[in-house]
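J.: I have a structure here, written as structure tokens, and I will follow up with some questions on it.
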Amino acid sequence: MPDRRQPDPSTDDNPFAAPPEGRPDQPWQPRQPQRPRDGGGPSGPSDPNPGKEPGGPARWDPMDPVQRRARYAMLAGMWGFFFGIFGIPSVGLLLGALAMYWGISALRGRAATPADPEKGTPARPGGLSDLGPAARPQRAAAISGMVSATLALLLAGTSYGLQLAYKDFYVCRDDALTQTAELQCNDLLPDNVIGNVLKVQR
């Protein structure tokens, strides 16, 4: 009797191939998806988060005060910078200070701690450090808010500094009752770039 040809090892995964000689028949069972060696492709049965790609977008948790402060820092810093450009230094100073506080507190957020009934301490939510790679958008929001807050504070400080340095000009301009008297206040300004910017235009 001629020898039976041995099955090709490359066809071992073929569900329609005949079983090797001498192997007993096995009941049918669904095949489990195999995960590629490079870690890509569909999630295997051991994947704790099926259907979720690693490093995916962060989940915004409005109940976490640290994440809220990161968003508040971005918004307050942006609006503080705009108010500084529009010539309202008081509002820009307030929003810039709040954005700086919220940004620093968001970046220094501590890890979550469970509640301790014996000591009577409540549970404390986690900060950006607990999110891992998912904290990148929140961290970027906090940093951008701090940068905008720095610009807003610089604009507000420059505005108040000019008002102190050229106080006589501002008092003269505010007390002038006519256009001619207001134009005469330009004599109190220095003949430089700052004076050309601050002087009353005809």
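Letters for chains follow the order of the structure tokens (A, B, ...), residue numbers begin at 1 for each chain, and ligand numbers begin at 1 in the order shown.
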Tell me, as a list in words, which residues lie within 12 Å of Ile143 in chain A, counting only C-alpha atoms; anything in the same chain fewer than 5 positions away does not count.

T.: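 My list of contacting residues is Arg69, Ala70, Arg71, Tyr72, Ala73, Met74, Leu75, Gly77, Met78, Ala99, Met100, Tyr101, Trp102, Gly103, Ile104, Ser105, Ala106, Leu107, Arg108, Arg136, Pro137, Gln138, Ser148, Ala149 and Thr150 of chain A.
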
J.: Can I get the selected residues back with N, CA and C atoms, as a tab-separated table (two decimals), in the first residue's frame?

T.:
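Result file again_11.tsv:
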```tsv
chain	number	residue	atom	x	y	z
A	69	ARG	N	-10.64	72.13	35.71
A	69	ARG	CA	-9.72	73.25	35.86
A	69	ARG	C	-8.83	73.41	34.63
A	70	ALA	N	-8.47	72.29	34.01
A	70	ALA	CA	-7.66	72.39	32.79
A	70	ALA	C	-8.43	73.10	31.68
A	71	ARG	N	-9.71	72.78	31.53
A	71	ARG	CA	-10.52	73.46	30.53
A	71	ARG	C	-10.78	74.92	30.92
A	72	TYR	N	-11.02	75.17	32.21
A	72	TYR	CA	-11.24	76.54	32.66
A	72	TYR	C	-10.00	77.39	32.41
A	73	ALA	N	-8.82	76.82	32.63
A	73	ALA	CA	-7.59	77.56	32.41
A	73	ALA	C	-7.45	77.96	30.95
A	74	MET	N	-7.79	77.06	30.04
A	74	MET	CA	-7.68	77.38	28.62
A	74	MET	C	-8.65	78.51	28.23
A	75	LEU	N	-9.90	78.41	28.69
A	75	LEU	CA	-10.90	79.43	28.34
A	75	LEU	C	-10.59	80.78	28.98
A	77	GLY	N	-7.67	81.89	30.08
A	77	GLY	CA	-6.47	82.49	29.50
A	77	GLY	C	-6.73	83.09	28.14
A	78	MET	N	-7.54	82.43	27.32
A	78	MET	CA	-7.84	82.94	25.99
A	78	MET	C	-8.61	84.26	26.08
A	99	ALA	N	-6.75	81.91	35.25
A	99	ALA	CA	-6.25	80.88	34.34
A	99	ALA	C	-4.92	80.31	34.85
A	100	MET	N	-4.07	81.16	35.39
A	100	MET	CA	-2.80	80.67	35.92
A	100	MET	C	-3.02	79.76	37.12
A	101	TYR	N	-3.95	80.13	37.99
A	101	TYR	CA	-4.25	79.30	39.17
A	101	TYR	C	-4.84	77.95	38.74
A	102	TRP	N	-5.82	77.99	37.83
A	102	TRP	CA	-6.44	76.74	37.39
A	102	TRP	C	-5.46	75.85	36.64
A	103	GLY	N	-4.61	76.44	35.82
A	103	GLY	CA	-3.64	75.64	35.08
A	103	GLY	C	-2.64	74.96	35.98
A	104	ILE	N	-2.11	75.69	36.97
A	104	ILE	CA	-1.14	75.10	37.89
A	104	ILE	C	-1.79	74.01	38.73
A	105	SER	N	-3.01	74.26	39.23
A	105	SER	CA	-3.68	73.25	40.05
A	105	SER	C	-4.05	72.02	39.24
A	106	ALA	N	-4.33	72.19	37.93
A	106	ALA	CA	-4.63	71.02	37.10
A	106	ALA	C	-3.38	70.19	36.85
A	107	LEU	N	-2.25	70.84	36.61
A	107	LEU	CA	-1.02	70.09	36.37
A	107	LEU	C	-0.49	69.42	37.63
A	108	ARG	N	-0.83	69.97	38.79
A	108	ARG	CA	-0.36	69.39	40.05
A	108	ARG	C	-1.42	68.50	40.68
A	136	ARG	N	-3.24	63.65	27.71
A	136	ARG	CA	-2.54	64.63	26.85
A	136	ARG	C	-3.41	65.81	26.46
A	137	PRO	N	-4.68	65.60	26.04
A	137	PRO	CA	-5.50	66.79	25.70
A	137	PRO	C	-5.73	67.70	26.89
A	138	GLN	N	-5.96	67.12	28.07
A	138	GLN	CA	-6.19	67.95	29.25
A	138	GLN	C	-4.93	68.69	29.66
A	148	SER	N	-1.49	81.57	27.58
A	148	SER	CA	-2.39	82.70	27.32
A	148	SER	C	-2.51	83.60	28.55
A	149	ALA	N	-2.54	82.99	29.73
A	149	ALA	CA	-2.63	83.78	30.95
A	149	ALA	C	-1.37	84.64	31.14
A	150	THR	N	-0.22	84.08	30.79
A	150	THR	CA	1.02	84.87	30.90
A	150	THR	C	0.97	86.08	29.98
```

J.: May I have the residues within 10 Å of Cys185 in chain A as a ChimeraX atom specification, using only C-alpha atoms and disregarding those fewer than 5 positions away in the same chain?

T.: /A:168-174,176,180,199-200

J.: CA of Gly195 in chain A to CA of Phe82 in chain A: how many Å, to one decimal?

T.: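 A separation of 23.6 Å between them.
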
J.: Enter the distance from CA of Val66 in chain A to CA of Gly109 in chain A, in Å, rounded to one decimal.

T.: 6.1 Å
